[in-house]
$ cat coords_9.cif   # mmCIF, C-alpha atoms
data_target
loop_
_atom_site.label_atom_id
_atom_site.label_comp_id
_atom_site.auth_asym_id
_atom_site.auth_seq_id
_atom_site.Cartn_x
_atom_site.Cartn_y
_atom_site.Cartn_z
CA MET A 28 0.00 0.00 0.00
CA PRO A 29 1.48 3.37 -0.97
CA GLN A 30 2.26 5.79 1.82
CA GLY A 31 0.81 9.22 2.30
CA ILE A 32 -2.77 8.52 1.16
CA GLY A 33 -5.23 11.24 2.03
CA LYS A 34 -2.84 14.17 2.32
CA ILE A 35 -4.70 17.27 1.25
CA LYS A 36 -3.71 20.70 0.04
CA ILE A 37 -6.27 23.49 -0.44
CA ARG A 38 -5.26 26.79 -1.98
CA LEU A 39 -7.19 30.04 -1.79
CA PRO A 40 -6.39 33.54 -3.08
CA ARG A 41 -4.35 35.59 -0.61
CA THR A 42 -6.96 38.29 -0.23
CA VAL A 43 -10.68 37.67 -0.54
CA ARG A 44 -13.16 40.52 -0.91
CA LYS A 45 -16.75 40.11 0.16
CA GLY A 46 -18.94 38.86 -2.70
CA GLN A 47 -15.92 38.07 -4.87
CA VAL A 48 -15.93 34.87 -6.94
CA ILE A 49 -12.79 32.98 -5.94
CA ALA A 50 -11.12 29.89 -7.37
CA VAL A 51 -10.50 27.15 -4.80
CA LYS A 52 -7.83 24.64 -5.82
CA THR A 53 -7.50 21.29 -4.10
CA LEU A 54 -5.13 18.37 -4.39
CA ILE A 55 -5.37 15.00 -2.64
CA LEU A 56 -2.93 12.11 -2.64
CA HIS A 57 -4.70 8.88 -3.61
CA PRO A 58 -3.69 5.93 -5.84
CA MET A 59 -7.13 5.70 -7.55
CA GLU A 60 -6.72 2.04 -8.57
CA THR A 61 -9.25 1.13 -11.23
CA GLY A 62 -9.51 -2.56 -10.41
CA LEU A 63 -8.68 -3.40 -14.02
CA ARG A 64 -4.90 -3.55 -13.71
CA THR A 65 -3.01 -6.77 -12.98
CA ASP A 66 -0.01 -7.13 -10.73
CA LYS A 67 2.88 -8.13 -12.99
CA LYS A 68 4.48 -10.41 -10.38
CA THR A 69 1.51 -12.25 -8.89
CA LYS A 70 -0.67 -12.10 -12.05
CA LYS A 71 -3.66 -11.15 -9.92
CA LYS A 72 -6.01 -8.21 -10.34
CA ILE A 73 -5.20 -5.22 -8.13
CA PRO A 74 -8.44 -4.50 -6.24
CA ALA A 75 -10.28 -1.28 -7.02
CA TYR A 76 -9.49 1.57 -4.65
CA TYR A 77 -10.73 4.97 -5.64
CA ILE A 78 -12.54 8.07 -4.42
CA ASN A 79 -16.20 7.93 -5.36
CA ASP A 80 -17.80 10.70 -3.35
CA VAL A 81 -16.82 14.31 -2.84
CA SER A 82 -18.89 16.85 -0.98
CA ILE A 83 -18.22 20.52 -0.28
CA TYR A 84 -19.72 22.39 2.64
CA TYR A 85 -19.64 26.16 3.07
CA GLY A 86 -20.79 27.38 6.44
CA GLY A 87 -22.23 23.99 7.36
CA GLN A 88 -24.38 23.89 4.25
CA LEU A 89 -23.84 21.38 1.45
CA ILE A 90 -23.15 23.34 -1.72
CA THR A 91 -21.87 20.66 -4.12
CA HIS A 92 -21.77 16.92 -4.27
CA GLU A 93 -19.80 14.98 -6.85
CA ASP A 94 -19.71 11.32 -7.86
CA TRP A 95 -16.33 10.23 -9.08
CA THR A 96 -15.53 7.02 -10.97
CA ILE A 97 -12.41 5.06 -11.85
CA ALA A 98 -11.83 7.39 -14.80
CA VAL A 99 -10.36 10.07 -12.52
CA SER A 100 -6.57 10.13 -12.44
CA ALA A 101 -4.30 9.31 -9.52
CA ASN A 102 -3.62 12.18 -7.09
CA PRO A 103 -6.68 14.07 -8.38
CA PHE A 104 -6.70 17.84 -8.69
CA MET A 105 -10.05 19.62 -8.37
CA SER A 106 -10.84 23.29 -8.63
CA PHE A 107 -14.10 25.15 -8.41
CA TYR A 108 -15.44 28.69 -8.15
CA LEU A 109 -17.10 29.98 -5.03
CA LYS A 110 -18.86 33.22 -4.20
CA ALA A 111 -17.34 34.32 -0.92
CA ASP A 112 -20.33 36.15 0.57
CA LYS A 113 -19.91 35.22 4.24
CA GLU A 114 -17.25 34.55 6.83
CA ALA A 115 -17.49 30.79 7.29
CA PRO A 116 -15.46 27.59 7.18
CA LEU A 117 -15.14 25.71 3.89
CA LYS A 118 -15.09 21.96 4.45
CA ILE A 119 -14.30 19.45 1.73
CA VAL A 120 -14.82 15.72 2.30
CA TRP A 121 -13.48 12.93 0.10
CA LYS A 122 -14.76 9.36 0.58
CA ASP A 123 -13.36 6.25 -1.09
CA ASN A 124 -14.84 2.83 -1.79
CA LYS A 125 -12.92 1.16 1.07
CA GLY A 126 -14.45 3.43 3.70
CA GLY A 127 -11.70 5.99 3.96
CA VAL A 128 -12.81 9.52 4.77
CA TYR A 129 -10.43 12.43 4.23
CA GLN A 130 -11.41 15.97 5.06
CA LYS A 131 -9.95 19.39 5.52
CA THR A 132 -11.43 22.69 6.63
CA VAL A 133 -10.18 26.15 5.73
CA GLN A 134 -11.56 29.41 7.02
CA ILE A 135 -12.72 31.97 4.46
CA THR A 136 -12.60 35.51 5.80
CA PRO A 137 -13.76 38.10 3.27
CA ARG A 138 -12.66 41.68 3.94
CA MET B 18 39.89 -19.75 -15.39
CA TYR B 19 37.84 -16.93 -16.85
CA LYS B 20 40.90 -15.44 -18.51
CA LYS B 21 41.80 -18.75 -20.13
CA ILE B 22 38.31 -19.14 -21.52
CA SER B 23 38.29 -15.59 -22.83
CA ILE B 24 41.64 -16.10 -24.57
CA LEU B 25 40.40 -19.35 -26.05
CA LEU B 26 37.22 -17.66 -27.20
CA LYS B 27 39.16 -14.81 -28.75
CA THR B 28 41.38 -17.18 -30.68
CA LEU B 29 38.35 -19.04 -31.93
CA VAL B 30 35.95 -16.19 -32.48
CA LEU B 31 38.22 -13.64 -34.13
CA PRO B 32 38.97 -15.64 -37.27
CA ALA B 33 35.30 -16.58 -37.50
CA ALA B 34 34.30 -12.93 -37.27
CA VAL B 35 36.82 -11.97 -39.93
CA MET B 36 35.44 -14.69 -42.15
CA LEU B 37 31.92 -13.45 -41.57
CA VAL B 38 32.82 -9.87 -42.34
CA THR B 39 34.70 -10.78 -45.48
CA GLY B 40 32.00 -13.24 -46.46
CA THR B 41 28.66 -12.46 -47.94
CA LEU B 42 26.65 -12.69 -44.69
CA GLY B 43 25.62 -9.36 -43.12
CA VAL B 44 28.67 -7.30 -44.05
CA GLY B 45 27.17 -3.91 -43.24
CA THR B 46 25.85 -4.67 -39.77
CA TRP B 47 28.99 -6.43 -38.57
CA ALA B 48 31.20 -3.61 -39.77
CA GLN B 49 28.96 -1.02 -38.09
CA ALA B 50 28.98 -2.85 -34.78
CA ALA B 51 32.75 -3.11 -34.88
CA THR B 52 33.25 0.63 -35.35
CA GLN B 53 30.74 1.68 -32.68
CA SER B 54 31.68 -0.67 -29.88
CA GLY B 55 34.97 1.05 -29.01
CA ASN B 56 35.51 3.99 -26.67
CA LYS B 57 35.30 6.43 -29.55
CA ILE B 58 32.86 9.30 -29.22
CA GLU B 59 30.62 9.67 -32.20
CA LYS B 60 30.64 13.13 -33.74
CA LEU B 61 27.08 14.40 -33.70
CA THR B 62 26.07 17.90 -34.65
CA PRO B 63 23.13 19.44 -32.79
CA SER B 64 20.11 19.77 -35.02
CA MET B 65 19.19 23.26 -33.83
CA SER B 66 20.19 25.95 -31.36
CA TYR B 67 18.64 26.04 -27.90
CA ALA B 68 16.63 29.17 -28.75
CA GLU B 69 15.14 27.40 -31.76
CA TYR B 70 14.29 24.40 -29.57
CA GLN B 71 12.53 26.64 -27.05
CA LYS B 72 10.52 28.21 -29.85
CA ARG B 73 9.39 24.78 -31.00
CA TYR B 74 8.57 23.76 -27.43
CA GLU B 75 6.33 26.79 -26.95
CA LYS B 76 4.65 26.22 -30.29
CA TYR B 77 3.97 22.56 -29.55
CA TYR B 78 3.07 22.55 -25.85
CA GLY B 79 1.92 26.14 -25.36
CA ASP B 80 1.32 27.03 -21.70
CA PHE B 81 0.92 23.41 -20.64
CA THR B 82 3.78 23.57 -18.13
CA ALA B 83 2.37 26.76 -16.60
CA GLN B 84 -1.00 25.05 -16.22
CA MET B 85 0.66 22.09 -14.53
CA ALA B 86 2.45 24.37 -12.09
CA GLU B 87 -0.85 26.08 -11.28
CA GLU B 88 -2.54 22.80 -10.46
CA GLY B 89 0.08 22.06 -7.84
CA ASN B 90 2.73 19.43 -7.53
CA PRO B 91 1.72 16.21 -5.69
CA ALA B 92 5.39 15.67 -4.84
CA GLU B 93 5.22 18.57 -2.39
CA PHE B 94 3.43 16.29 0.07
CA LEU B 95 6.67 14.35 0.40
CA LEU B 96 8.56 17.45 1.57
CA ASP B 97 6.84 17.52 4.97
CA ASP B 98 7.53 13.81 5.49
CA GLY B 99 11.15 14.38 4.51
CA LYS B 100 11.44 17.09 7.15
CA ASP B 101 10.10 14.69 9.79
CA LEU B 102 12.52 11.99 8.64
CA ALA B 103 15.47 14.37 8.91
CA ASN B 104 14.61 14.95 12.58
CA LYS B 105 13.76 11.33 13.37
CA VAL B 106 16.26 9.35 15.46
CA VAL B 107 17.08 5.97 13.90
CA GLY B 108 19.83 3.39 14.15
CA SER B 109 22.10 2.00 16.84
CA LYS B 110 23.97 5.25 17.56
CA GLY B 111 20.88 7.23 18.53
CA LYS B 112 21.37 9.96 15.99
CA SER B 113 19.29 11.74 13.39
CA CYS B 114 20.30 13.94 10.46
CA ALA B 115 19.51 16.92 12.67
CA SER B 116 21.97 15.95 15.42
CA CYS B 117 24.96 16.65 13.13
CA HIS B 118 23.56 19.11 10.60
CA GLY B 119 21.54 21.40 12.84
CA LYS B 120 17.79 21.68 13.33
CA ASP B 121 15.84 20.38 10.32
CA ALA B 122 19.29 19.65 8.78
CA LEU B 123 19.38 23.31 7.71
CA GLN B 124 23.19 23.36 7.59
CA LEU B 125 22.97 21.21 4.48
CA LYS B 126 21.79 24.22 2.52
CA GLY B 127 23.73 24.28 -0.74
CA ALA B 128 25.12 20.77 -0.22
CA ALA B 129 23.30 19.36 -3.22
CA THR B 130 24.89 21.75 -5.71
CA THR B 131 28.25 19.95 -5.85
CA PHE B 132 26.85 16.42 -6.24
CA PRO B 133 27.66 14.02 -7.89
CA LYS B 134 31.34 14.24 -6.92
CA TYR B 135 34.39 12.02 -6.52
CA ASN B 136 34.68 10.06 -3.28
CA ALA B 137 38.04 8.58 -2.29
CA GLU B 138 36.60 5.81 -0.08
CA LEU B 139 34.23 4.64 -2.75
CA LYS B 140 36.87 5.11 -5.48
CA GLY B 141 34.08 6.34 -7.64
CA ILE B 142 31.37 8.91 -8.04
CA MET B 143 29.16 9.69 -5.05
CA THR B 144 25.62 10.67 -5.91
CA PHE B 145 23.27 12.45 -3.52
CA PRO B 146 20.99 9.49 -2.61
CA LEU B 147 24.05 7.26 -2.15
CA GLN B 148 25.62 9.88 0.14
CA ILE B 149 22.52 9.90 2.32
CA ASN B 150 22.54 6.12 2.55
CA THR B 151 26.26 5.86 3.37
CA CYS B 152 25.79 8.57 6.00
CA ARG B 153 22.96 6.55 7.52
CA GLU B 154 25.04 3.38 7.56
CA LYS B 155 28.34 4.82 8.85
CA GLN B 156 27.36 7.73 11.09
CA MET B 157 23.95 6.62 12.35
CA GLY B 158 24.25 2.83 12.28
CA ALA B 159 20.91 2.59 10.52
CA LYS B 160 19.74 0.49 7.63
CA PRO B 161 20.15 2.06 4.18
CA LEU B 162 16.86 3.14 2.63
CA LYS B 163 15.68 1.19 -0.38
CA TYR B 164 16.06 3.16 -3.59
CA GLU B 165 12.83 4.59 -5.03
CA SER B 166 10.97 3.87 -1.80
CA TYR B 167 8.73 6.57 -0.31
CA ASP B 168 11.03 7.42 2.61
CA GLN B 169 14.15 7.55 0.47
CA LEU B 170 12.57 9.89 -2.05
CA ALA B 171 11.08 12.07 0.69
CA LEU B 172 14.39 12.48 2.55
CA THR B 173 16.38 13.11 -0.64
CA MET B 174 13.81 15.60 -1.85
CA TYR B 175 13.72 17.52 1.42
CA ILE B 176 17.50 17.85 1.77
CA LYS B 177 17.91 18.71 -1.91
CA SER B 178 15.14 21.31 -1.73
CA LEU B 179 17.19 23.25 0.84
CA SER B 180 19.47 24.34 -2.02
CA ASN B 181 16.61 25.45 -4.26
CA GLY B 182 17.49 28.42 -6.43
CA MET B 183 21.23 27.79 -6.30
CA PRO B 184 23.18 27.02 -9.48
CA ILE B 185 24.62 23.54 -10.01
CA LYS B 186 28.43 23.60 -9.87
CA VAL B 187 29.80 20.10 -10.41
CA SER B 188 33.54 19.82 -10.76
CA ILE B 189 35.23 17.26 -13.02
CA ASP B 190 38.82 18.20 -12.15
CA GLY B 191 41.35 15.78 -10.76
CA PRO B 192 40.24 12.26 -9.84
CA ALA B 193 36.70 12.76 -11.16
CA ARG B 194 37.96 13.24 -14.71
CA PRO B 195 38.19 9.53 -15.78
CA PHE B 196 34.67 8.92 -14.47
CA TYR B 197 33.38 11.91 -16.40
CA GLU B 198 34.96 10.48 -19.54
CA LYS B 199 33.41 7.08 -18.86
CA GLY B 200 30.05 8.77 -18.49
CA GLN B 201 30.56 10.60 -21.75
CA VAL B 202 31.40 7.36 -23.52
CA ALA B 203 28.25 5.79 -22.06
CA TYR B 204 26.21 8.78 -23.22
CA TYR B 205 27.48 8.44 -26.79
CA LYS B 206 27.60 4.62 -26.90
CA ARG B 207 25.11 2.95 -29.19
CA GLN B 208 23.32 0.11 -27.44
CA GLY B 209 20.22 -2.01 -27.41
CA GLN B 210 18.20 -3.61 -30.17
CA LEU B 211 17.37 -0.25 -31.71
CA ASN B 212 21.07 0.76 -31.80
CA PHE B 213 20.45 4.13 -30.15
CA SER B 214 22.59 6.20 -27.87
CA CYS B 215 21.41 8.90 -25.47
CA ALA B 216 23.08 11.51 -27.64
CA ILE B 217 21.30 10.49 -30.83
CA CYS B 218 17.99 11.75 -29.45
CA HIS B 219 19.07 14.47 -27.03
CA VAL B 220 21.87 16.05 -29.10
CA GLN B 221 21.28 15.29 -32.75
CA TYR B 222 17.51 15.03 -32.92
CA ALA B 223 16.52 17.33 -30.04
CA GLY B 224 13.55 19.40 -31.13
CA TYR B 225 12.17 16.78 -33.48
CA LYS B 226 9.33 14.48 -32.56
CA ALA B 227 9.33 10.87 -31.39
CA ARG B 228 5.74 9.70 -31.95
CA SER B 229 3.77 12.55 -30.39
CA ASN B 230 6.43 13.87 -28.02
CA LEU B 231 9.00 16.56 -28.57
CA ILE B 232 12.50 15.21 -27.87
CA SER B 233 14.08 17.41 -25.24
CA ASN B 234 17.40 19.17 -25.45
CA ASN B 235 19.90 18.04 -22.80
CA LYS B 236 19.73 21.37 -20.98
CA HIS B 237 17.67 21.43 -17.75
CA HIS B 238 17.80 17.64 -17.53
CA ALA B 239 19.40 17.26 -14.11
CA ASP B 240 18.12 20.19 -12.03
CA HIS B 241 14.70 19.02 -10.82
CA TRP B 242 15.11 15.48 -9.47
CA PRO B 243 13.40 13.78 -7.61
CA CYS B 244 10.51 14.84 -9.75
CA TYR B 245 6.82 14.03 -10.15
CA ARG B 246 6.05 12.59 -13.57
CA LEU B 247 2.51 12.40 -14.86
CA LYS B 248 3.40 9.26 -16.81
CA TRP B 249 4.44 7.43 -13.65
CA GLY B 250 1.79 9.02 -11.45
CA LYS B 251 4.54 8.99 -8.86
CA THR B 252 7.74 10.62 -7.78
CA GLY B 253 10.97 9.14 -9.10
CA SER B 254 14.67 9.80 -9.35
CA LEU B 255 16.93 10.65 -12.28
CA GLN B 256 18.24 7.10 -12.35
CA ARG B 257 14.71 5.75 -12.73
CA ARG B 258 14.39 8.02 -15.75
CA PHE B 259 17.70 6.72 -17.13
CA ARG B 260 16.44 3.16 -16.76
CA GLY B 261 13.18 4.06 -18.47
CA CYS B 262 15.05 5.54 -21.42
CA LEU B 263 17.32 2.49 -21.63
CA LYS B 264 14.24 0.27 -21.64
CA ASN B 265 12.83 2.24 -24.56
CA MET B 266 16.11 1.71 -26.39
CA ARG B 267 15.75 -2.02 -25.60
CA ALA B 268 19.12 -2.02 -23.90
CA LYS B 269 20.34 -3.59 -20.66
CA LYS B 270 19.19 -1.74 -17.54
CA PRO B 271 21.93 -1.42 -14.89
CA PRO B 272 20.66 -1.51 -11.28
CA PHE B 273 20.11 1.68 -9.23
CA GLN B 274 23.32 3.44 -8.11
CA SER B 275 25.47 1.11 -10.21
CA GLU B 276 28.74 2.48 -11.55
CA GLU B 277 27.44 3.01 -15.08
CA LEU B 278 24.46 5.05 -13.96
CA ARG B 279 26.51 7.12 -11.50
CA ASN B 280 29.05 8.02 -14.19
CA MET B 281 26.26 8.93 -16.57
CA GLU B 282 24.66 11.10 -13.87
CA LEU B 283 27.97 12.94 -13.40
CA TYR B 284 28.25 13.61 -17.13
CA LEU B 285 24.68 14.84 -17.46
CA THR B 286 24.86 17.02 -14.35
CA TYR B 287 28.10 18.58 -15.58
CA LEU B 288 26.33 19.50 -18.83
CA ASN B 289 23.69 21.26 -16.71
CA ASN B 290 26.19 23.30 -14.70
CA GLY B 291 24.78 26.72 -13.95
CA ASP B 292 21.14 25.69 -14.03
CA LEU B 293 19.19 26.57 -10.89
CA ILE B 294 18.02 23.68 -8.72
CA GLN B 295 14.23 23.40 -8.54
CA VAL B 296 13.10 20.52 -6.37
CA PRO B 297 10.54 18.95 -6.60
CA GLY B 298 10.03 19.26 -10.32
CA MET B 299 7.01 18.24 -12.31
CA ARG B 300 7.16 16.86 -15.82
CA MET B 301 4.94 15.08 -18.29
#

$ encode --input "coords_9.cif" --output "structure tokens"
Amino acid sequence: MPQGIGKIKIRLPRTVRKGQVIAVKTLILHPMETGLRTDKKTKKKIPAYYINDVSIYYGGQLITHEDWTIAVSANPFMSFYLKADKEAPLKIVWKDNKGGVYQKTVQITPR
Amino acid sequence: MYKKISILLKTLVLPAAVMLVTGTLGVGTWAQAATQSGNKIEKLTPSMSYAEYQKRYEKYYGDFTAQMAEEGNPAEFLLDDGKDLANKVVGSKGKSCASCHGKDALQLKGAATTFPKYNAELKGIMTFPLQINTCREKQMGAKPLKYESYDQLALTMYIKSLSNGMPIKVSIDGPARPFYEKGQVAYYKRQGQLNFSCAICHVQYAGYKARSNLISNNKHHADHWPCYRLKWGKTGSLQRRFRGCLKNMRAKKPPFQSEELRNMELYLTYLNNGDLIQVPGMRM
């Protein structure tokens, strides 16, 4: 099993003005095994292991929910636009098919 | 024993080879192989100047590299782990990297710029990952880290990233000179089923296309390792890249940190003298 699964990086603009549409960029470390590859040594299928559920909360309220499939690359990068109209935490939760839950919260403080 | 056999073989094989060459069978290929197998360096003229290559790169890939940089480098996650590893006490002597080199091993700033260099104990070229492993074995009494493993890459990347922004200054004076020449011979030596050398692609045909990829010029080849490659989906070292290229040439792959690969690394890094170190890199 590769090390470092579930490490998350979220990047926001340095200064956020109230009501501004900002780009949030996220990166998570995950192998995203499709379940279709075979191990060259043991000749067995590598079991599927991928993120299939992403949800984004802003101020405790669910704003987006995404279903991901095996077609998404390893170490997936995701970015989205957000209207920063209140001072609230932004929480992003990734869930994979083996029950792993990875989440990170950043505080958005518009000036 | 081995010598006797080799002498016997030579006495038997040489006349046979001469007969083959002079005979009708495969004259051209035998003659070619004979001329290229020596220590001679093939004279290759670069196809285009570096400025011309850069122009082609921009035309072909556009702002792809800028986009990649914006998306963020997954290898940066390893940096934090490398910092922890530098402070972690391991081995029988109860030491960590930090106990000799200061907190977070910060005294090693700029250490990576002079590697690979000649080492008298090794009687060969010392590369940066090998230096870390010998340090672990001799000074700390710890097990050497397995090459291309997560911990090894993380530690190498962290200590190398301390000298980010500094120019590479590898010296080939004195005892390092014969190893540099060996590396140069290896770089220009034709090998494998496809009869390629490194220089054929990266000197003569740099700027042209191999399938759908632009063949890169040998500048900026050694300044960003360990690097995250999209093709691998992982972080890897320069020697992994060497082995990948050798596999594409259908040639023999020497093991990690073997003499051939270390000499080749010295030659390539010397060509890149003056380039600024940027670790971790990100490439296609």

$ closest_atom_pairs --input "coords_9.cif" --of "chain B" --to "chain A" --cutoff "9 Å" --atoms "all atoms listed in the file" --output "Markdown table"
| residue | atom | partner | partner_atom | distance |
| --- | --- | --- | --- | --- |
| B:Glu87 | CA | A:Lys52 | CA | 9.0 |
| B:Glu88 | CA | A:Phe104 | CA | 6.7 |
| B:Gly89 | CA | A:Leu54 | CA | 7.3 |
| B:Asn90 | CA | A:Leu54 | CA | 8.5 |
| B:Pro91 | CA | A:Asn102 | CA | 6.8 |
| B:Phe94 | CA | A:Lys34 | CA | 7.0 |
| B:Leu95 | CA | A:Gly31 | CA | 8.0 |
| B:Asp98 | CA | A:Gly31 | CA | 8.7 |
| B:Tyr167 | CA | A:Gln30 | CA | 6.9 |
| B:Asp168 | CA | A:Gln30 | CA | 9.0 |
| B:Gly250 | CA | A:Ala101 | CA | 6.4 |
| B:Lys251 | CA | A:Ala101 | CA | 8.9 |

$ residues_around --input "coords_9.cif" --residues "B:Val296" --least-positions-apart "5" --cutoff "10 Å" --atoms "all atoms listed in the file" --output "list in words"
Ala92, Glu93, Leu96, Thr173, Met174, Tyr175, Ile176, Lys177, Ser178, Leu179, Ser180, Asn181, Gly182, Asp240, His241, Trp242, Pro243, Cys244 and Tyr245 of chain B

$ residues_around --input "coords_9.cif" --residues "A:Ile78" --least-positions-apart "5" --cutoff "10 Å" --atoms "only C-alpha atoms" --output "PyMOL selection string"
chain A and resi 57-60+94-97+99+101+103+121-129

$ resolve_selection --input "coords_9.cif" --expression "the PyMOL selection byres ((chain A and resi 112-118) around 7)" --output "MDAnalysis selection string"
chainID A and resid 45:46 83:86 110:111 119:120 131:137

$ atom_distance --input "coords_9.cif" --atom1 "atom CA of A:Tyr77" --atom2 "atom CA of B:Leu102"
28.2 Å
